[in-house]
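**Student:** The structure file model_15.cif (mmCIF, N, CA, C and O atoms) is provided below.
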data_start
#
loop_
_atom_site.label_atom_id
_atom_site.label_comp_id
_atom_site.auth_asym_id
_atom_site.auth_seq_id
_atom_site.Cartn_x
_atom_site.Cartn_y
_atom_site.Cartn_z
N MET S 1 -33.04 13.33 -8.64
CA MET S 1 -32.09 13.93 -9.57
C MET S 1 -32.54 13.63 -11.00
O MET S 1 -33.13 12.60 -11.27
N THR S 2 -32.13 14.51 -11.85
CA THR S 2 -32.50 14.36 -13.25
C THR S 2 -31.53 13.44 -13.97
O THR S 2 -30.44 13.12 -13.46
N GLY S 3 -31.90 13.06 -15.15
CA GLY S 3 -31.03 12.21 -15.96
C GLY S 3 -29.74 12.89 -16.34
O GLY S 3 -28.68 12.25 -16.40
N ALA S 4 -29.80 14.20 -16.56
CA ALA S 4 -28.59 14.95 -16.91
C ALA S 4 -27.59 14.96 -15.74
O ALA S 4 -26.38 14.84 -15.94
N GLN S 5 -28.12 15.08 -14.53
CA GLN S 5 -27.23 15.07 -13.35
C GLN S 5 -26.58 13.69 -13.19
O GLN S 5 -25.39 13.60 -12.85
N TRP S 6 -27.36 12.63 -13.39
CA TRP S 6 -26.78 11.29 -13.31
C TRP S 6 -25.74 11.07 -14.41
O TRP S 6 -24.71 10.42 -14.18
N ALA S 7 -25.98 11.63 -15.57
CA ALA S 7 -25.02 11.51 -16.66
C ALA S 7 -23.72 12.22 -16.31
O ALA S 7 -22.63 11.69 -16.55
N VAL S 8 -23.81 13.41 -15.71
CA VAL S 8 -22.60 14.13 -15.29
C VAL S 8 -21.85 13.33 -14.24
O VAL S 8 -20.62 13.20 -14.31
N ILE S 9 -22.57 12.78 -13.27
CA ILE S 9 -21.92 11.97 -12.23
C ILE S 9 -21.23 10.76 -12.86
O ILE S 9 -20.10 10.43 -12.52
N GLY S 10 -21.90 10.10 -13.80
CA GLY S 10 -21.30 8.95 -14.48
C GLY S 10 -20.07 9.32 -15.27
O GLY S 10 -19.04 8.62 -15.23
N ILE S 11 -20.13 10.42 -16.00
CA ILE S 11 -18.98 10.87 -16.79
C ILE S 11 -17.81 11.22 -15.89
O ILE S 11 -16.66 10.86 -16.17
N LEU S 12 -18.09 11.91 -14.77
CA LEU S 12 -17.02 12.26 -13.84
C LEU S 12 -16.40 11.02 -13.19
O LEU S 12 -15.18 10.95 -13.01
N ALA S 13 -17.23 10.04 -12.86
CA ALA S 13 -16.71 8.79 -12.28
C ALA S 13 -15.83 8.06 -13.27
O ALA S 13 -14.74 7.58 -12.91
N LEU S 14 -16.29 7.95 -14.52
CA LEU S 14 -15.48 7.30 -15.55
C LEU S 14 -14.19 8.07 -15.81
O LEU S 14 -13.13 7.46 -16.01
N SER S 15 -14.27 9.39 -15.80
CA SER S 15 -13.06 10.19 -16.01
C SER S 15 -12.06 9.99 -14.89
O SER S 15 -10.86 9.86 -15.14
N ALA S 16 -12.54 9.97 -13.65
CA ALA S 16 -11.64 9.74 -12.51
C ALA S 16 -10.97 8.37 -12.61
O ALA S 16 -9.77 8.23 -12.37
N PHE S 17 -11.75 7.36 -12.98
CA PHE S 17 -11.20 6.02 -13.15
C PHE S 17 -10.17 6.00 -14.28
O PHE S 17 -9.10 5.40 -14.14
N ALA S 18 -10.49 6.66 -15.39
CA ALA S 18 -9.57 6.67 -16.54
C ALA S 18 -8.26 7.38 -16.19
O ALA S 18 -7.18 6.93 -16.59
N ILE S 19 -8.34 8.47 -15.45
CA ILE S 19 -7.13 9.19 -15.04
C ILE S 19 -6.24 8.29 -14.19
O ILE S 19 -5.03 8.22 -14.38
N ARG S 20 -6.85 7.59 -13.25
CA ARG S 20 -6.06 6.70 -12.39
C ARG S 20 -5.48 5.52 -13.18
O ARG S 20 -4.33 5.13 -12.97
N LEU S 21 -6.26 4.97 -14.07
CA LEU S 21 -5.78 3.86 -14.89
C LEU S 21 -4.63 4.30 -15.78
O LEU S 21 -3.60 3.61 -15.87
N LEU S 22 -4.77 5.46 -16.42
CA LEU S 22 -3.68 5.96 -17.26
C LEU S 22 -2.44 6.28 -16.43
O LEU S 22 -1.32 6.08 -16.88
N GLY S 23 -2.63 6.77 -15.21
CA GLY S 23 -1.49 7.01 -14.33
C GLY S 23 -0.76 5.73 -13.99
O GLY S 23 0.47 5.68 -13.95
N LEU S 24 -1.52 4.66 -13.72
CA LEU S 24 -0.89 3.36 -13.44
C LEU S 24 -0.14 2.84 -14.64
O LEU S 24 0.98 2.32 -14.52
N ILE S 25 -0.74 2.95 -15.81
CA ILE S 25 -0.09 2.47 -17.03
C ILE S 25 1.17 3.28 -17.32
O ILE S 25 2.23 2.71 -17.61
N ALA S 26 1.06 4.61 -17.23
CA ALA S 26 2.23 5.45 -17.48
C ALA S 26 3.33 5.19 -16.46
O ALA S 26 4.51 5.11 -16.80
N GLY S 27 2.95 5.03 -15.19
CA GLY S 27 3.94 4.75 -14.15
C GLY S 27 4.65 3.43 -14.37
O GLY S 27 5.87 3.33 -14.19
N ALA S 28 3.90 2.42 -14.79
CA ALA S 28 4.51 1.11 -15.06
C ALA S 28 5.47 1.19 -16.24
O ALA S 28 6.55 0.59 -16.22
N ARG S 29 5.10 1.96 -17.26
CA ARG S 29 5.98 2.10 -18.43
C ARG S 29 7.24 2.88 -18.07
O ARG S 29 8.33 2.56 -18.56
N ILE S 30 7.10 3.90 -17.24
CA ILE S 30 8.28 4.67 -16.84
C ILE S 30 9.20 3.83 -15.98
O ILE S 30 10.42 3.87 -16.13
N GLN S 31 8.62 3.03 -15.06
CA GLN S 31 9.45 2.17 -14.21
C GLN S 31 10.23 1.15 -15.02
O GLN S 31 11.33 0.75 -14.62
N ALA S 32 9.69 0.75 -16.13
CA ALA S 32 10.36 -0.25 -16.97
C ALA S 32 11.32 0.40 -17.95
O ALA S 32 12.04 -0.31 -18.66
N SER S 33 11.37 1.71 -17.99
CA SER S 33 12.22 2.39 -18.98
C SER S 33 13.53 2.86 -18.34
O SER S 33 13.77 2.68 -17.15
N ARG S 34 14.33 3.50 -19.14
CA ARG S 34 15.60 4.03 -18.65
C ARG S 34 15.42 5.31 -17.84
O ARG S 34 16.36 5.84 -17.28
N HIS S 35 14.20 5.81 -17.76
CA HIS S 35 13.90 7.03 -17.02
C HIS S 35 13.40 6.75 -15.61
O HIS S 35 12.90 7.65 -14.93
N ALA S 36 13.52 5.53 -15.14
CA ALA S 36 13.01 5.14 -13.83
C ALA S 36 13.68 5.90 -12.69
O ALA S 36 13.08 6.10 -11.64
N TRP S 37 14.90 6.35 -12.89
CA TRP S 37 15.61 7.07 -11.84
C TRP S 37 14.89 8.35 -11.44
O TRP S 37 15.03 8.83 -10.31
N MET S 38 14.09 8.92 -12.34
CA MET S 38 13.37 10.16 -12.03
C MET S 38 12.30 9.94 -10.96
O MET S 38 12.00 10.85 -10.20
N LEU S 39 11.73 8.76 -10.90
CA LEU S 39 10.67 8.48 -9.94
C LEU S 39 11.17 8.47 -8.51
O LEU S 39 10.40 8.70 -7.58
N GLU S 40 12.44 8.19 -8.29
CA GLU S 40 12.98 8.13 -6.94
C GLU S 40 12.93 9.48 -6.25
O GLU S 40 12.66 9.56 -5.05
N ASP S 41 13.18 10.55 -6.97
CA ASP S 41 13.23 11.88 -6.38
C ASP S 41 11.94 12.66 -6.55
O ASP S 41 11.82 13.76 -6.02
N LEU S 42 10.97 12.12 -7.24
CA LEU S 42 9.76 12.86 -7.55
C LEU S 42 8.96 13.30 -6.32
O LEU S 42 8.56 14.46 -6.25
N PRO S 43 8.71 12.45 -5.31
CA PRO S 43 7.94 12.92 -4.14
C PRO S 43 8.61 14.10 -3.43
O PRO S 43 7.94 15.06 -3.08
N GLY S 44 9.91 14.04 -3.26
CA GLY S 44 10.61 15.14 -2.62
C GLY S 44 10.55 16.42 -3.44
O GLY S 44 10.38 17.52 -2.91
N LEU S 45 10.66 16.28 -4.75
CA LEU S 45 10.59 17.45 -5.63
C LEU S 45 9.22 18.10 -5.59
O LEU S 45 9.10 19.34 -5.64
N ILE S 46 8.19 17.29 -5.50
CA ILE S 46 6.83 17.83 -5.41
C ILE S 46 6.65 18.61 -4.12
O ILE S 46 6.11 19.73 -4.11
N ILE S 47 7.12 18.06 -3.01
CA ILE S 47 7.00 18.75 -1.72
C ILE S 47 7.78 20.05 -1.74
O ILE S 47 7.28 21.10 -1.30
N VAL S 48 9.00 20.02 -2.25
CA VAL S 48 9.81 21.24 -2.31
C VAL S 48 9.14 22.31 -3.17
O VAL S 48 9.11 23.49 -2.80
N SER S 49 8.56 21.92 -4.27
CA SER S 49 7.90 22.92 -5.14
C SER S 49 6.67 23.50 -4.46
O SER S 49 6.41 24.70 -4.58
N LEU S 50 5.91 22.69 -3.73
CA LEU S 50 4.75 23.21 -3.01
C LEU S 50 5.15 24.16 -1.90
O LEU S 50 4.54 25.22 -1.70
N VAL S 51 6.19 23.80 -1.15
CA VAL S 51 6.66 24.66 -0.07
C VAL S 51 7.24 25.96 -0.63
O VAL S 51 6.96 27.04 -0.11
N ALA S 52 8.02 25.87 -1.68
CA ALA S 52 8.61 27.07 -2.27
C ALA S 52 7.53 28.01 -2.79
O ALA S 52 7.62 29.23 -2.60
N ALA S 53 6.50 27.47 -3.40
CA ALA S 53 5.42 28.32 -3.91
C ALA S 53 4.66 28.99 -2.78
O ALA S 53 4.27 30.15 -2.89
N SER S 54 4.47 28.29 -1.67
CA SER S 54 3.75 28.89 -0.55
C SER S 54 4.60 29.91 0.20
O SER S 54 4.07 30.82 0.81
N LEU S 55 5.91 29.77 0.16
CA LEU S 55 6.79 30.72 0.85
C LEU S 55 7.05 31.98 0.03
O LEU S 55 7.55 32.97 0.57
N ALA S 56 6.69 31.98 -1.23
CA ALA S 56 7.03 33.10 -2.12
C ALA S 56 6.54 34.44 -1.58
O ALA S 56 7.26 35.41 -1.61
N GLY S 57 5.34 34.50 -1.06
CA GLY S 57 4.81 35.77 -0.57
C GLY S 57 4.64 35.79 0.94
O GLY S 57 3.89 36.62 1.46
N ALA S 58 5.30 34.90 1.63
CA ALA S 58 5.11 34.76 3.08
C ALA S 58 5.93 35.80 3.85
O ALA S 58 6.98 36.25 3.39
N PRO S 59 5.47 36.14 5.06
CA PRO S 59 6.23 37.08 5.89
C PRO S 59 7.51 36.45 6.45
O PRO S 59 7.73 35.23 6.35
N THR S 60 8.32 37.27 7.07
CA THR S 60 9.63 36.84 7.57
C THR S 60 9.52 35.72 8.60
O THR S 60 10.34 34.82 8.63
N GLY S 61 8.51 35.78 9.47
CA GLY S 61 8.34 34.74 10.48
C GLY S 61 8.12 33.37 9.88
O GLY S 61 8.62 32.36 10.38
N THR S 62 7.39 33.33 8.80
CA THR S 62 7.15 32.05 8.12
C THR S 62 8.44 31.52 7.52
O THR S 62 8.72 30.32 7.58
N TRP S 63 9.24 32.41 6.94
CA TRP S 63 10.54 32.01 6.40
C TRP S 63 11.45 31.49 7.51
O TRP S 63 12.16 30.50 7.32
N ALA S 64 11.42 32.15 8.66
CA ALA S 64 12.26 31.71 9.78
C ALA S 64 11.83 30.32 10.26
O ALA S 64 12.68 29.45 10.52
N ALA S 65 10.52 30.10 10.37
CA ALA S 65 10.03 28.78 10.78
C ALA S 65 10.39 27.72 9.74
O ALA S 65 10.72 26.58 10.08
N ALA S 66 10.34 28.09 8.46
CA ALA S 66 10.73 27.15 7.41
C ALA S 66 12.21 26.81 7.50
O ALA S 66 12.62 25.67 7.27
N CYS S 67 13.03 27.79 7.87
CA CYS S 67 14.46 27.53 8.05
C CYS S 67 14.71 26.60 9.22
O CYS S 67 15.58 25.72 9.16
N VAL S 68 13.93 26.78 10.29
CA VAL S 68 14.04 25.86 11.44
C VAL S 68 13.67 24.45 10.99
O VAL S 68 14.38 23.48 11.31
N ALA S 69 12.56 24.32 10.27
CA ALA S 69 12.13 23.00 9.79
C ALA S 69 13.18 22.39 8.87
O ALA S 69 13.46 21.18 8.95
N LEU S 70 13.78 23.20 8.00
CA LEU S 70 14.82 22.69 7.12
C LEU S 70 16.02 22.20 7.91
O LEU S 70 16.57 21.13 7.64
N GLY S 71 16.41 22.96 8.92
CA GLY S 71 17.53 22.54 9.76
C GLY S 71 17.25 21.23 10.48
O GLY S 71 18.11 20.34 10.54
N VAL S 72 16.04 21.10 11.01
CA VAL S 72 15.66 19.85 11.68
C VAL S 72 15.66 18.70 10.69
O VAL S 72 16.13 17.60 11.00
N ALA S 73 15.17 18.94 9.48
CA ALA S 73 15.14 17.88 8.47
C ALA S 73 16.53 17.43 8.09
O ALA S 73 16.79 16.23 7.94
N VAL S 74 17.45 18.37 7.96
CA VAL S 74 18.83 18.03 7.58
C VAL S 74 19.51 17.25 8.70
O VAL S 74 20.19 16.24 8.45
N VAL S 75 19.30 17.70 9.95
CA VAL S 75 19.99 17.07 11.08
C VAL S 75 19.39 15.71 11.43
O VAL S 75 20.13 14.74 11.65
N THR S 76 18.06 15.62 11.48
CA THR S 76 17.43 14.40 11.97
C THR S 76 16.97 13.44 10.86
O THR S 76 16.84 12.25 11.12
N ASN S 77 16.65 13.97 9.67
CA ASN S 77 16.07 13.16 8.60
C ASN S 77 14.82 12.43 9.09
O ASN S 77 14.57 11.28 8.75
N HIS S 78 14.02 13.13 9.92
CA HIS S 78 12.81 12.55 10.51
C HIS S 78 11.63 13.46 10.19
O HIS S 78 11.61 14.62 10.59
N VAL S 79 10.64 12.92 9.49
CA VAL S 79 9.53 13.74 9.00
C VAL S 79 8.69 14.30 10.15
O VAL S 79 8.35 15.48 10.16
N ILE S 80 8.37 13.46 11.12
CA ILE S 80 7.51 13.91 12.23
C ILE S 80 8.21 15.00 13.04
O ILE S 80 7.61 16.02 13.38
N ALA S 81 9.48 14.80 13.36
CA ALA S 81 10.22 15.82 14.11
C ALA S 81 10.29 17.12 13.33
O ALA S 81 10.15 18.21 13.91
N THR S 82 10.47 17.04 12.03
CA THR S 82 10.52 18.23 11.20
C THR S 82 9.20 18.98 11.25
O THR S 82 9.18 20.21 11.44
N MET S 83 8.09 18.27 11.11
CA MET S 83 6.79 18.93 11.14
C MET S 83 6.50 19.53 12.51
O MET S 83 6.06 20.68 12.62
N VAL S 84 6.75 18.76 13.57
CA VAL S 84 6.44 19.24 14.92
C VAL S 84 7.27 20.46 15.27
O VAL S 84 6.74 21.48 15.73
N LEU S 85 8.56 20.40 15.05
CA LEU S 85 9.41 21.54 15.41
C LEU S 85 9.18 22.73 14.49
O LEU S 85 9.29 23.88 14.94
N GLY S 86 8.82 22.50 13.24
CA GLY S 86 8.48 23.60 12.35
C GLY S 86 7.22 24.32 12.80
O GLY S 86 7.16 25.55 12.81
N VAL S 87 6.21 23.56 13.22
CA VAL S 87 4.97 24.16 13.72
C VAL S 87 5.22 24.89 15.03
O VAL S 87 4.69 25.99 15.26
N ILE S 88 6.01 24.29 15.92
CA ILE S 88 6.34 24.96 17.19
C ILE S 88 7.08 26.26 16.92
O ILE S 88 6.78 27.30 17.54
N ALA S 89 8.02 26.24 16.01
CA ALA S 89 8.76 27.46 15.67
C ALA S 89 7.82 28.52 15.09
O ALA S 89 7.91 29.70 15.45
N PHE S 90 6.91 28.11 14.22
CA PHE S 90 5.96 29.05 13.63
C PHE S 90 5.07 29.67 14.70
O PHE S 90 4.85 30.88 14.72
N ALA S 91 4.58 28.84 15.63
CA ALA S 91 3.72 29.34 16.70
C ALA S 91 4.49 30.27 17.64
O ALA S 91 4.00 31.32 18.03
N ALA S 92 5.70 29.86 18.00
CA ALA S 92 6.52 30.68 18.90
C ALA S 92 6.85 32.03 18.27
O ALA S 92 6.77 33.07 18.93
N LEU S 93 7.22 32.02 17.01
CA LEU S 93 7.53 33.27 16.32
C LEU S 93 6.30 34.14 16.18
O LEU S 93 6.40 35.38 16.25
N GLY S 94 5.16 33.52 15.99
CA GLY S 94 3.91 34.29 15.92
C GLY S 94 3.56 34.93 17.25
O GLY S 94 3.03 36.04 17.30
N MET S 95 3.85 34.21 18.35
CA MET S 95 3.55 34.74 19.69
C MET S 95 4.41 35.96 20.03
O MET S 95 3.95 36.87 20.72
N ILE S 96 5.65 35.96 19.54
CA ILE S 96 6.51 37.10 19.86
C ILE S 96 6.38 38.20 18.82
O ILE S 96 7.06 39.23 18.90
N GLY S 97 5.53 38.00 17.85
CA GLY S 97 5.26 39.02 16.85
C GLY S 97 6.26 39.12 15.74
O GLY S 97 6.41 40.15 15.10
N PHE S 98 6.92 38.03 15.46
CA PHE S 98 7.93 38.03 14.40
C PHE S 98 7.34 37.60 13.11
O PHE S 98 6.68 36.72 12.88
#
Step by step, read the file and then write its structure as structure tokens.

**Tutor:**
Amino acid sequence: MTGAQWAVIGILALSAFAIRLLGLIAGARIQASRHAWMLEDLPGLIIVSLVAASLAGAPTGTWAAACVALGVAVVTNHVIATMVLGVIAFAALGMIGF
């Protein structure tokens, strides 16, 4: 490899380290501030936003499977059961052509 390629690798490695370090510092400052309550709901909000974005253009069968998964999540509050039954619902609906 050339020196320029090694330089790019080094810069990217330092950038990745700096991003993680700044994330740790920012997270520690937020936890110590009056805004710490926001961190409690952040993982769930991220998941909901990702699911909502992926469902935006999805067909009806995908929406139905998502509703099944939501129902399982509300009733059981169990992540594995929600994923398994959501996937089973998606596969079953796909098999019947929904």

**Student:** Please run DSSP on the backbone and report, as number ranges by chain, all residues within region 12-77 of chain S that come out as helix (DSSP H, G or I).

**Tutor:** S: 12-31, 37-55, 60-76

**Student:** Just the number, please: distance in Å from atom O of Gly61 (chain S) to atom N of Ile88 (chain S), one decimal.

**Tutor:**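 That distance, rounded to one decimal, is 10.1 Å.
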
**Student:** Have a look at CA of Ala89 (chain S) and atom O of Val72 (chain S) and let me know their distance in Å, one decimal.

**Tutor:**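 Atom-to-atom, CA of Ala89 (chain S) to atom O of Val72 (chain S), that is 13.2 Å.
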
**Student:** List the neighbours of Ala65 (chain S) out to 6 Å using only C-alpha atoms; skip same-chain residues closer than 2 positions along the sequence, and give me the result as a PDB file with N, CA, C and O atoms, in the coordinates of the input.

**Tutor:**
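Saved result, part_3.pdb, follows:
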ATOM      1  N   THR S  62       7.390  33.330   8.800  1.00  0.00           N
ATOM      2  CA  THR S  62       7.150  32.050   8.120  1.00  0.00           C
ATOM      3  C   THR S  62       8.440  31.520   7.520  1.00  0.00           C
ATOM      4  O   THR S  62       8.720  30.320   7.580  1.00  0.00           O
ATOM      5  N   TRP S  63       9.240  32.410   6.940  1.00  0.00           N
ATOM      6  CA  TRP S  63      10.540  32.010   6.400  1.00  0.00           C
ATOM      7  C   TRP S  63      11.450  31.490   7.510  1.00  0.00           C
ATOM      8  O   TRP S  63      12.160  30.500   7.320  1.00  0.00           O
ATOM      9  N   CYS S  67      13.030  27.790   7.870  1.00  0.00           N
ATOM     10  CA  CYS S  67      14.460  27.530   8.050  1.00  0.00           C
ATOM     11  C   CYS S  67      14.710  26.600   9.220  1.00  0.00           C
ATOM     12  O   CYS S  67      15.580  25.720   9.160  1.00  0.00           O
ATOM     13  N   VAL S  68      13.930  26.780  10.290  1.00  0.00           N
ATOM     14  CA  VAL S  68      14.040  25.860  11.440  1.00  0.00           C
ATOM     15  C   VAL S  68      13.670  24.450  10.990  1.00  0.00           C
ATOM     16  O   VAL S  68      14.380  23.480  11.310  1.00  0.00           O
ATOM     17  N   GLY S  86       8.820  22.500  13.240  1.00  0.00           N
ATOM     18  CA  GLY S  86       8.480  23.600  12.350  1.00  0.00           C
ATOM     19  C   GLY S  86       7.220  24.320  12.800  1.00  0.00           C
ATOM     20  O   GLY S  86       7.160  25.550  12.810  1.00  0.00           O
ATOM     21  N   ALA S  89       8.020  26.240  16.010  1.00  0.00           N
ATOM     22  CA  ALA S  89       8.760  27.460  15.670  1.00  0.00           C
ATOM     23  C   ALA S  89       7.820  28.520  15.090  1.00  0.00           C
ATOM     24  O   ALA S  89       7.910  29.700  15.450  1.00  0.00           O
ATOM     25  N   PHE S  90       6.910  28.110  14.220  1.00  0.00           N
ATOM     26  CA  PHE S  90       5.960  29.050  13.630  1.00  0.00           C
ATOM     27  C   PHE S  90       5.070  29.670  14.700  1.00  0.00           C
ATOM     28  O   PHE S  90       4.850  30.880  14.720  1.00  0.00           O
TER      29      PHE S  90
END

**Student:** For a test of reading the model, state the distance in Å between atom C of Ala92 (chain S) and atom N of Ala69 (chain S), rounded to one decimal.

**Tutor:**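 Separation between atom C of Ala92 (chain S) and atom N of Ala69 (chain S): 12.5 Å.
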
**Student:** Determine, using all atoms listed in the file, which residues of region 50-96 of chain S have any atom at most 7 Å from an atom of region 31-46 of chain S, and tabulate each with its shortest atom pair and distance in Å to one decimal place, rows ordered by chain and then rising number, as a tab-separated table.

**Tutor:**
residue	atom	partner	partner_atom	distance
S:Leu50	N	S:Ile46	O	3.0
S:Val51	N	S:Ile46	O	5.0
S:Ala52	N	S:Ile46	O	6.9

**Student:** May I ask which of the residues S:Leu12, S:Ile25, S:Phe98, S:Trp6 is the closest one to Thr60 (chain S), counting all atoms listed in the file?

**Tutor:** S:Phe98
